[in-house]
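Asker: Provided herewith: run_17.tsv, TSV, C-alpha atoms.
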```tsv
chain	number	residue	atom	x	y	z
N	1	MET	CA	-52.80	31.98	-191.40
N	2	LEU	CA	-53.81	33.63	-188.09
N	3	THR	CA	-53.56	37.36	-187.43
N	4	VAL	CA	-54.64	38.82	-184.09
N	5	THR	CA	-54.76	42.62	-183.91
N	6	GLY	CA	-55.55	44.82	-180.91
N	7	LEU	CA	-57.46	42.12	-179.05
N	8	GLU	CA	-59.19	43.34	-175.89
N	9	ALA	CA	-61.38	41.18	-173.67
N	10	GLY	CA	-62.36	40.58	-170.07
N	11	TYR	CA	-64.96	39.32	-167.65
N	12	GLY	CA	-67.71	41.61	-166.45
N	13	ARG	CA	-66.05	44.99	-165.97
N	14	ALA	CA	-62.60	43.51	-165.42
N	15	GLN	CA	-60.43	43.94	-168.49
N	16	VAL	CA	-57.85	41.16	-168.97
N	17	LEU	CA	-56.45	41.68	-172.48
N	18	PHE	CA	-55.10	45.05	-173.58
N	19	GLY	CA	-54.40	45.24	-177.31
N	20	VAL	CA	-52.89	41.78	-177.83
N	21	SER	CA	-51.42	41.39	-181.32
N	22	PHE	CA	-49.48	38.56	-182.97
N	23	ALA	CA	-49.46	36.50	-186.17
N	24	LEU	CA	-48.93	32.86	-187.05
N	25	GLY	CA	-48.05	31.65	-190.53
N	26	ALA	CA	-49.06	28.40	-192.20
N	27	GLY	CA	-46.98	25.52	-190.84
N	28	GLU	CA	-45.49	27.61	-188.04
N	29	THR	CA	-45.44	26.85	-184.33
N	30	LEU	CA	-45.98	29.80	-182.00
N	31	ALA	CA	-45.51	29.54	-178.24
N	32	LEU	CA	-47.66	31.82	-176.08
N	33	MET	CA	-46.04	32.16	-172.67
N	34	GLY	CA	-46.34	34.09	-169.42
N	35	ARG	CA	-46.93	33.66	-165.72
N	36	ASN	CA	-50.23	32.42	-164.35
N	37	GLY	CA	-53.02	34.96	-164.65
N	38	MET	CA	-51.37	37.01	-167.39
N	39	GLY	CA	-54.10	36.42	-170.00
N	40	LYS	CA	-52.98	33.36	-171.97
N	41	SER	CA	-56.13	31.29	-171.47
N	42	THR	CA	-58.30	34.38	-171.94
N	43	THR	CA	-56.61	34.89	-175.30
N	44	VAL	CA	-57.46	31.32	-176.27
N	45	ARG	CA	-61.06	31.71	-175.11
N	46	ALA	CA	-61.41	34.88	-177.18
N	47	LEU	CA	-59.88	33.19	-180.24
N	48	MET	CA	-62.22	30.19	-179.93
N	49	GLY	CA	-65.41	32.20	-179.42
N	50	LEU	CA	-65.80	31.08	-175.81
N	51	LEU	CA	-65.40	34.72	-174.74
N	52	ARG	CA	-66.62	37.59	-176.89
N	53	PRO	CA	-63.83	40.11	-177.52
N	54	TRP	CA	-64.51	43.72	-176.61
N	55	ARG	CA	-62.37	45.07	-179.44
N	56	GLY	CA	-59.85	43.89	-181.98
N	57	GLU	CA	-59.71	41.65	-184.99
N	58	VAL	CA	-59.04	37.94	-185.49
N	59	LEU	CA	-58.35	36.88	-189.07
N	60	PHE	CA	-57.98	33.19	-189.91
N	61	ALA	CA	-57.07	32.39	-193.51
N	62	GLY	CA	-58.61	35.73	-194.48
N	63	THR	CA	-61.90	35.17	-192.62
N	64	ARG	CA	-62.90	37.49	-189.78
N	65	LEU	CA	-63.68	35.40	-186.69
N	66	ALA	CA	-63.73	37.89	-183.81
N	67	GLY	CA	-67.05	37.41	-182.03
N	68	ALA	CA	-68.07	34.36	-184.09
N	69	PRO	CA	-69.65	31.41	-182.22
N	70	PRO	CA	-67.38	28.47	-181.28
N	71	HIS	CA	-68.90	26.05	-183.79
N	72	ARG	CA	-68.21	28.41	-186.67
N	73	ILE	CA	-64.60	28.85	-185.54
N	74	ALA	CA	-64.17	25.07	-185.33
N	75	GLN	CA	-65.70	24.68	-188.79
N	76	ALA	CA	-63.23	27.27	-190.11
N	77	GLY	CA	-60.44	24.86	-189.21
N	78	ILE	CA	-59.21	25.63	-185.69
N	79	GLY	CA	-58.92	22.71	-183.26
N	80	LEU	CA	-58.61	23.20	-179.49
N	81	VAL	CA	-56.90	21.04	-176.88
N	82	PRO	CA	-58.42	22.69	-173.79
N	83	GLU	CA	-56.82	23.21	-170.41
N	84	GLY	CA	-57.87	20.35	-168.17
N	85	ARG	CA	-58.27	17.93	-171.15
N	86	GLN	CA	-62.07	17.55	-170.74
N	87	VAL	CA	-62.27	14.05	-172.24
N	88	PHE	CA	-65.57	12.16	-172.12
N	89	PRO	CA	-65.00	9.97	-169.04
N	90	THR	CA	-67.44	7.16	-169.81
N	91	LEU	CA	-66.56	6.78	-173.49
N	92	SER	CA	-63.72	4.59	-174.70
N	93	VAL	CA	-60.63	6.09	-176.30
N	94	ALA	CA	-61.92	5.15	-179.75
N	95	GLU	CA	-65.36	6.58	-179.00
N	96	ASN	CA	-63.83	9.84	-177.72
N	97	LEU	CA	-61.97	10.19	-181.01
N	98	ILE	CA	-64.84	9.25	-183.29
N	99	ALA	CA	-67.22	11.61	-181.47
N	100	THR	CA	-65.49	14.69	-182.92
N	101	ALA	CA	-64.55	13.31	-186.35
N	102	ARG	CA	-64.92	15.41	-189.47
N	103	PRO	CA	-63.92	14.35	-192.99
N	104	GLY	CA	-60.27	14.82	-193.86
N	105	PRO	CA	-56.82	13.28	-193.73
N	106	TRP	CA	-56.83	12.76	-189.97
N	107	THR	CA	-58.59	9.43	-189.50
N	108	LEU	CA	-58.81	7.18	-186.45
N	109	ALA	CA	-56.03	4.98	-187.84
N	110	ARG	CA	-53.75	7.95	-188.48
N	111	VAL	CA	-54.30	9.43	-185.02
N	112	LEU	CA	-53.57	6.08	-183.38
N	113	ALA	CA	-50.39	5.79	-185.46
N	114	LEU	CA	-49.24	9.23	-184.31
N	115	LEU	CA	-50.16	8.49	-180.68
N	116	PRO	CA	-49.41	4.76	-180.16
N	117	ARG	CA	-50.15	4.97	-176.45
N	118	LEU	CA	-53.78	5.58	-177.41
N	119	ALA	CA	-53.74	2.53	-179.64
N	120	GLU	CA	-52.68	0.46	-176.62
N	121	ARG	CA	-55.55	1.95	-174.60
N	122	ARG	CA	-58.10	1.97	-177.40
N	123	PHE	CA	-60.85	0.21	-175.43
N	124	HIS	CA	-60.17	1.90	-172.07
N	125	ARG	CA	-62.68	4.46	-170.80
N	126	GLY	CA	-61.63	8.06	-170.43
N	127	TYR	CA	-61.66	7.88	-166.62
N	128	GLN	CA	-59.30	4.88	-166.73
N	129	LEU	CA	-56.49	6.87	-168.35
N	130	SER	CA	-53.63	8.67	-166.63
N	131	GLY	CA	-53.37	12.44	-166.93
N	132	GLY	CA	-50.79	12.11	-169.68
N	133	GLU	CA	-52.89	9.63	-171.59
N	134	GLN	CA	-55.90	11.92	-171.29
N	135	GLN	CA	-53.83	14.74	-172.74
N	136	MET	CA	-52.84	12.51	-175.67
N	137	LEU	CA	-56.53	11.74	-176.13
N	138	ALA	CA	-57.42	15.44	-176.09
N	139	ILE	CA	-54.81	16.05	-178.81
N	140	GLY	CA	-56.12	13.15	-180.87
N	141	ARG	CA	-59.70	14.34	-180.45
N	142	ALA	CA	-58.75	17.80	-181.75
N	143	LEU	CA	-56.94	16.26	-184.73
N	144	MET	CA	-60.04	14.26	-185.60
N	145	THR	CA	-61.77	17.57	-186.39
N	146	ASN	CA	-59.17	17.91	-189.18
N	147	PRO	CA	-58.02	21.41	-188.28
N	148	ARG	CA	-55.57	23.61	-190.14
N	149	LEU	CA	-54.50	25.19	-186.84
N	150	LEU	CA	-54.16	23.34	-183.54
N	151	ILE	CA	-54.31	25.34	-180.28
N	152	LEU	CA	-53.12	23.73	-177.03
N	153	ASP	CA	-53.87	25.46	-173.72
N	154	GLU	CA	-51.34	24.34	-171.05
N	155	ALA	CA	-50.06	21.50	-173.19
N	156	THR	CA	-48.08	19.64	-170.49
N	157	GLU	CA	-49.34	21.10	-167.21
N	158	GLY	CA	-49.21	18.58	-164.37
N	159	LEU	CA	-47.68	15.79	-166.48
N	160	ALA	CA	-44.81	13.53	-165.48
N	161	PRO	CA	-41.53	14.19	-167.37
N	162	MET	CA	-41.92	11.07	-169.54
N	163	MET	CA	-45.43	12.03	-170.65
N	164	ARG	CA	-44.33	15.62	-171.16
N	165	ALA	CA	-41.65	14.38	-173.53
N	166	GLU	CA	-44.21	12.30	-175.45
N	167	VAL	CA	-46.47	15.32	-175.90
N	168	PHE	CA	-43.61	17.43	-177.25
N	169	ALA	CA	-42.56	14.57	-179.54
N	170	ALA	CA	-46.10	14.45	-180.94
N	171	LEU	CA	-46.08	18.22	-181.49
N	172	ALA	CA	-42.72	17.99	-183.27
N	173	ALA	CA	-44.19	15.30	-185.55
N	174	LEU	CA	-47.19	17.52	-186.32
N	175	LYS	CA	-44.89	20.43	-187.10
N	176	ALA	CA	-42.88	18.21	-189.46
N	177	GLU	CA	-46.13	17.42	-191.29
N	178	GLY	CA	-46.88	21.11	-191.75
N	179	MET	CA	-49.54	21.60	-189.07
N	180	ALA	CA	-49.79	25.13	-187.70
N	181	VAL	CA	-49.67	25.06	-183.89
N	182	LEU	CA	-50.27	27.64	-181.17
N	183	VAL	CA	-49.09	26.18	-177.87
N	184	ILE	CA	-49.32	27.52	-174.33
N	185	ASP	CA	-46.84	25.95	-171.94
N	186	LYS	CA	-44.24	26.84	-169.33
N	187	GLN	CA	-41.40	24.60	-170.58
N	188	LEU	CA	-39.12	27.23	-172.13
N	189	SER	CA	-36.32	24.76	-172.87
N	190	GLN	CA	-38.67	22.52	-174.86
N	191	LEU	CA	-40.43	25.39	-176.59
N	192	ARG	CA	-37.12	26.84	-177.73
N	193	LYS	CA	-36.59	23.63	-179.71
N	194	LEU	CA	-40.13	23.46	-181.06
N	195	ALA	CA	-41.37	27.00	-181.68
N	196	ASP	CA	-40.60	29.27	-184.60
N	197	ARG	CA	-41.53	32.28	-182.47
N	198	ILE	CA	-42.37	33.02	-178.85
N	199	VAL	CA	-44.88	35.62	-177.61
N	200	ILE	CA	-44.89	36.55	-173.92
N	201	LEU	CA	-47.87	38.11	-172.16
N	202	GLU	CA	-47.68	40.12	-168.97
N	203	LYS	CA	-50.81	41.62	-167.42
N	204	GLY	CA	-52.71	41.14	-170.66
N	205	ARG	CA	-50.14	42.84	-172.88
N	206	VAL	CA	-47.50	41.49	-175.24
N	207	VAL	CA	-44.20	42.40	-173.61
N	208	TRP	CA	-41.87	40.38	-175.85
N	209	GLN	CA	-41.99	38.42	-179.06
N	210	GLY	CA	-39.29	37.00	-181.24
N	211	ALA	CA	-37.36	33.96	-182.34
N	212	PRO	CA	-36.37	31.35	-179.70
N	213	ALA	CA	-32.70	32.09	-180.34
N	214	GLU	CA	-33.35	35.66	-179.17
N	215	ALA	CA	-35.13	34.60	-175.97
N	216	ASP	CA	-32.19	34.97	-173.58
N	217	GLY	CA	-33.26	36.87	-170.49
N	218	VAL	CA	-37.01	36.41	-170.93
N	219	GLU	CA	-37.22	34.17	-167.84
N	220	ARG	CA	-38.03	37.21	-165.71
N	221	HIS	CA	-41.41	37.33	-167.44
N	222	LEU	CA	-42.10	33.65	-166.75
N	223	HIS	CA	-41.34	33.12	-163.07
N	224	VAL	CA	-44.38	32.96	-160.76
```
Translate the structure described by the file into structure tokens.
Answerer:
Amino acid sequence: MLTVTGLEAGYGRAQVLFGVSFALGAGETLALMGRNGMGKSTTVRALMGLLRPWRGEVLFAGTRLAGAPPHRIAQAGIGLVPEGRQVFPTLSVAENLIATARPGPWTLARVLALLPRLAERRFHRGYQLSGGEQQMLAIGRALMTNPRLLILDEATEGLAPMMRAEVFAALAALKAEGMAVLVIDKQLSQLRKLADRIVILEKGRVVWQGAPAEADGVERHLHV
């Protein structure tokens, strides 16, 4: 579904990504990992058109997307749960979800069924939610765009253990339904259970990729 080949990108004259390559099949979950500042979020920004790649190719379902504007990438079927959540603070939960809705199987009722905590908070404003609830809302908002691929940047960063577990439970449910997921997170133990493959970045380069069962010893690439 997604093939990234030789991706290079940066800011100004500072190069951050050096030939990043990986692939994600339909229905697969891929974990993109690495220490802070290693290029994970830059990779997401380049994939989503928020940062124009210098070189390389991004193919999504056979369509070339490298350098395309963000709205075209979203229309192609990629949904983003951004780092920092970025919910609309003055809109209610329901309004946040409806604001991004596109036709498809993911409706307001279905999102609320997947994320029952949002159903309980349906009429609360975005600023009235906890960090974990805002992250659930960001996931629901991305699903309302009816994507074929869901990308989560720092999926559980800063969340309490209980909310972290709820996020991973939601991702497991999405995987069971056949949703393709690219997730950035630091919880190796959880990602070993969830991911089909793990890709590790170090200084903007892929230094390891493989199945979770083969990930013994990769912690040295993850410690800050």
Asker: So, with all atoms listed in the file as the atoms that count, which of N:Ile78, N:Val93, N:Ile198, N:Ala26 lies closest to Leu129 (chain N)?
Answerer: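 For Leu129 (chain N), the nearest of the given residues is N:Val93.
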Asker: For Ala195 (chain N), which residue out of N:Gly104, N:Thr156, N:Gly67, N:Leu32 is the nearest one, using only C-alpha atoms?
Answerer: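 Looking only at the distances to Ala195 (chain N), the closest residue turns out to be N:Leu32.
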Asker: Which residue gives the smallest distance to Gly25 (chain N) among N:Glu83, N:Ala180, N:Met38, N:Met48, with only C-alpha atoms counted?
Answerer: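 Selected residue with least distance to Gly25 (chain N): N:Ala180.
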Asker: Please report the interatomic distance between CA of Ala109 (chain N) and CA of Leu149 (chain N) in Å with one decimal.
Answerer: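 So the answer is 20.3 Å.
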Asker: At a cut-off of 9 Å, using all atoms listed in the file, what residues contact Leu222 (chain N)? Leave out same-chain residues fewer than 3 positions from it and give the result as a PyMOL selection string.
Answerer: chain N and resi 33-36+186+188+200+202+218-219
Asker: Would you write out those residues with C-alpha atoms, as a PDB file, in the coordinates of the input?
Answerer:
```
ATOM      1  CA  MET N  33     -46.040  32.160-172.670  1.00  0.00           C
ATOM      2  CA  GLY N  34     -46.340  34.090-169.420  1.00  0.00           C
ATOM      3  CA  ARG N  35     -46.930  33.660-165.720  1.00  0.00           C
ATOM      4  CA  ASN N  36     -50.230  32.420-164.350  1.00  0.00           C
ATOM      5  CA  LYS N 186     -44.240  26.840-169.330  1.00  0.00           C
ATOM      6  CA  LEU N 188     -39.120  27.230-172.130  1.00  0.00           C
ATOM      7  CA  ILE N 200     -44.890  36.550-173.920  1.00  0.00           C
ATOM      8  CA  GLU N 202     -47.680  40.120-168.970  1.00  0.00           C
ATOM      9  CA  VAL N 218     -37.010  36.410-170.930  1.00  0.00           C
ATOM     10  CA  GLU N 219     -37.220  34.170-167.840  1.00  0.00           C
TER      11      GLU N 219
END
```
Asker: When distances are computed from all atoms listed in the file, which of N:Leu30, N:Ile151, N:Pro161, N:Gly49 shows the smallest separation from Leu194 (chain N)?
Answerer: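 For Leu194 (chain N), the nearest of the given residues is N:Leu30.
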Asker: Need the shell around region 18-22 of chain N: protein/DNA/RNA residues with any atom at most 8 Å away, counting all atoms listed in the file. Skip same-chain ones fewer than 3 positions apart. Format as a PDB file with C-alpha atoms, in the frame of the given file?
Answerer:
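That gives us part31.pdb:
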```pdb
ATOM      1  CA  THR N   3     -53.560  37.360-187.430  1.00  0.00           C
ATOM      2  CA  VAL N   4     -54.640  38.820-184.090  1.00  0.00           C
ATOM      3  CA  THR N   5     -54.760  42.620-183.910  1.00  0.00           C
ATOM      4  CA  GLY N   6     -55.550  44.820-180.910  1.00  0.00           C
ATOM      5  CA  LEU N   7     -57.460  42.120-179.050  1.00  0.00           C
ATOM      6  CA  GLU N   8     -59.190  43.340-175.890  1.00  0.00           C
ATOM      7  CA  ALA N   9     -61.380  41.180-173.670  1.00  0.00           C
ATOM      8  CA  GLN N  15     -60.430  43.940-168.490  1.00  0.00           C
ATOM      9  CA  GLY N  56     -59.850  43.890-181.980  1.00  0.00           C
ATOM     10  CA  VAL N 199     -44.880  35.620-177.610  1.00  0.00           C
ATOM     11  CA  GLY N 204     -52.710  41.140-170.660  1.00  0.00           C
ATOM     12  CA  ARG N 205     -50.140  42.840-172.880  1.00  0.00           C
ATOM     13  CA  VAL N 206     -47.500  41.490-175.240  1.00  0.00           C
TER      14      VAL N 206
END
```
Asker: Measure the distance from CA of Leu159 (chain N) to CA of Leu51 (chain N) in Å and round it to one decimal.
Answerer: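 Going from CA of Leu159 (chain N) over to CA of Leu51 (chain N), I get 27.2 Å.
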Asker: If you count all atoms listed in the file, which residues fall within 10 Å of Val44 (chain N), apart from same-chain ones fewer than 2 positions away, as a PyMOL selection string?
Answerer: chain N and resi 32+39-42+46-51+80+82+151-153+182-184
Asker: Would you please work out which residue, of N:Ala155, N:Leu150, N:Val87, N:Val58, is nearest to Tyr127 (chain N) when using all atoms listed in the file?
Answerer: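 Residue with the minimum atom-to-atom distance to Tyr127 (chain N): N:Val87.
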Asker: Quick one: residues within 10 Å of (-54.5, 13.3, -165.9) (file frame), counting all atoms listed in the file, please, as a ChimeraX atom specification.
Answerer: /N:84-86,126-136,157-160
Asker: For Thr107 (chain N), work out the shell of residues within 10 Å, counting all atoms listed in the file and skipping chain neighbours fewer than 4 positions away, then give it as a count of residues only.
Answerer: 13
Asker: Using only the atoms of region 4-11 of chain N listed in the file, plus 6 Å on each side, state the axis-aligned box centre and edge lengths in Å rounded to one decimal, as lines of an AutoDock Vina configuration file.
Answerer:
```
center_x = -59.8
center_y = 41.8
center_z = -175.9
size_x = 22.3
size_y = 18.0
size_z = 28.4
```
Asker: Could you state the separation of CA of Leu108 (chain N) and CA of Arg121 (chain N) in Å, given to one decimal place?
Answerer: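 Between CA of Leu108 (chain N) and CA of Arg121 (chain N) the gap is 13.4 Å.
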Asker: Please rebuild region 155-173 of chain N with N, CA and C atoms and return the result as a JSON list (two decimals), in the frame of the given file.
Answerer:
```json
[["chain", "number", "residue", "atom", "x", "y", "z"],
["N", 155, "ALA", "N", -50.25, 22.77, -172.50],
["N", 155, "ALA", "CA", -50.06, 21.50, -173.19],
["N", 155, "ALA", "C", -49.55, 20.38, -172.28],
["N", 156, "THR", "N", -48.66, 20.71, -171.32],
["N", 156, "THR", "CA", -48.08, 19.64, -170.49],
["N", 156, "THR", "C", -48.23, 19.91, -168.99],
["N", 157, "GLU", "N", -49.17, 20.75, -168.63],
["N", 157, "GLU", "CA", -49.34, 21.10, -167.21],
["N", 157, "GLU", "C", -49.68, 19.87, -166.37],
["N", 158, "GLY", "N", -48.93, 19.66, -165.31],
["N", 158, "GLY", "CA", -49.21, 18.58, -164.37],
["N", 158, "GLY", "C", -48.77, 17.20, -164.84],
["N", 159, "LEU", "N", -48.07, 17.10, -165.97],
["N", 159, "LEU", "CA", -47.68, 15.79, -166.48],
["N", 159, "LEU", "C", -46.31, 15.38, -165.97],
["N", 160, "ALA", "N", -46.11, 14.07, -165.84],
["N", 160, "ALA", "CA", -44.81, 13.53, -165.48],
["N", 160, "ALA", "C", -43.83, 13.79, -166.63],
["N", 161, "PRO", "N", -42.53, 13.87, -166.32],
["N", 161, "PRO", "CA", -41.53, 14.19, -167.37],
["N", 161, "PRO", "C", -41.62, 13.28, -168.60],
["N", 162, "MET", "N", -41.86, 11.98, -168.40],
["N", 162, "MET", "CA", -41.92, 11.07, -169.54],
["N", 162, "MET", "C", -43.10, 11.41, -170.45],
["N", 163, "MET", "N", -44.26, 11.68, -169.84],
["N", 163, "MET", "CA", -45.43, 12.03, -170.65],
["N", 163, "MET", "C", -45.27, 13.40, -171.29],
["N", 164, "ARG", "N", -44.60, 14.30, -170.59],
["N", 164, "ARG", "CA", -44.33, 15.62, -171.16],
["N", 164, "ARG", "C", -43.50, 15.47, -172.44],
["N", 165, "ALA", "N", -42.51, 14.61, -172.36],
["N", 165, "ALA", "CA", -41.65, 14.38, -173.53],
["N", 165, "ALA", "C", -42.45, 13.78, -174.69],
["N", 166, "GLU", "N", -43.39, 12.90, -174.39],
["N", 166, "GLU", "CA", -44.21, 12.30, -175.45],
["N", 166, "GLU", "C", -45.10, 13.34, -176.11],
["N", 167, "VAL", "N", -45.65, 14.26, -175.33],
["N", 167, "VAL", "CA", -46.47, 15.32, -175.90],
["N", 167, "VAL", "C", -45.65, 16.19, -176.84],
["N", 168, "PHE", "N", -44.45, 16.59, -176.40],
["N", 168, "PHE", "CA", -43.61, 17.43, -177.25],
["N", 168, "PHE", "C", -43.15, 16.68, -178.48],
["N", 169, "ALA", "N", -42.93, 15.37, -178.37],
["N", 169, "ALA", "CA", -42.56, 14.57, -179.54],
["N", 169, "ALA", "C", -43.71, 14.55, -180.55],
["N", 170, "ALA", "N", -44.93, 14.43, -180.05],
["N", 170, "ALA", "CA", -46.10, 14.45, -180.94],
["N", 170, "ALA", "C", -46.23, 15.81, -181.63],
["N", 171, "LEU", "N", -45.99, 16.89, -180.89],
["N", 171, "LEU", "CA", -46.08, 18.22, -181.49],
["N", 171, "LEU", "C", -44.99, 18.43, -182.54],
["N", 172, "ALA", "N", -43.80, 17.89, -182.28],
["N", 172, "ALA", "CA", -42.72, 17.99, -183.27],
["N", 172, "ALA", "C", -43.09, 17.23, -184.54],
["N", 173, "ALA", "N", -43.75, 16.07, -184.39],
["N", 173, "ALA", "CA", -44.19, 15.30, -185.55],
["N", 173, "ALA", "C", -45.24, 16.06, -186.34]]
```
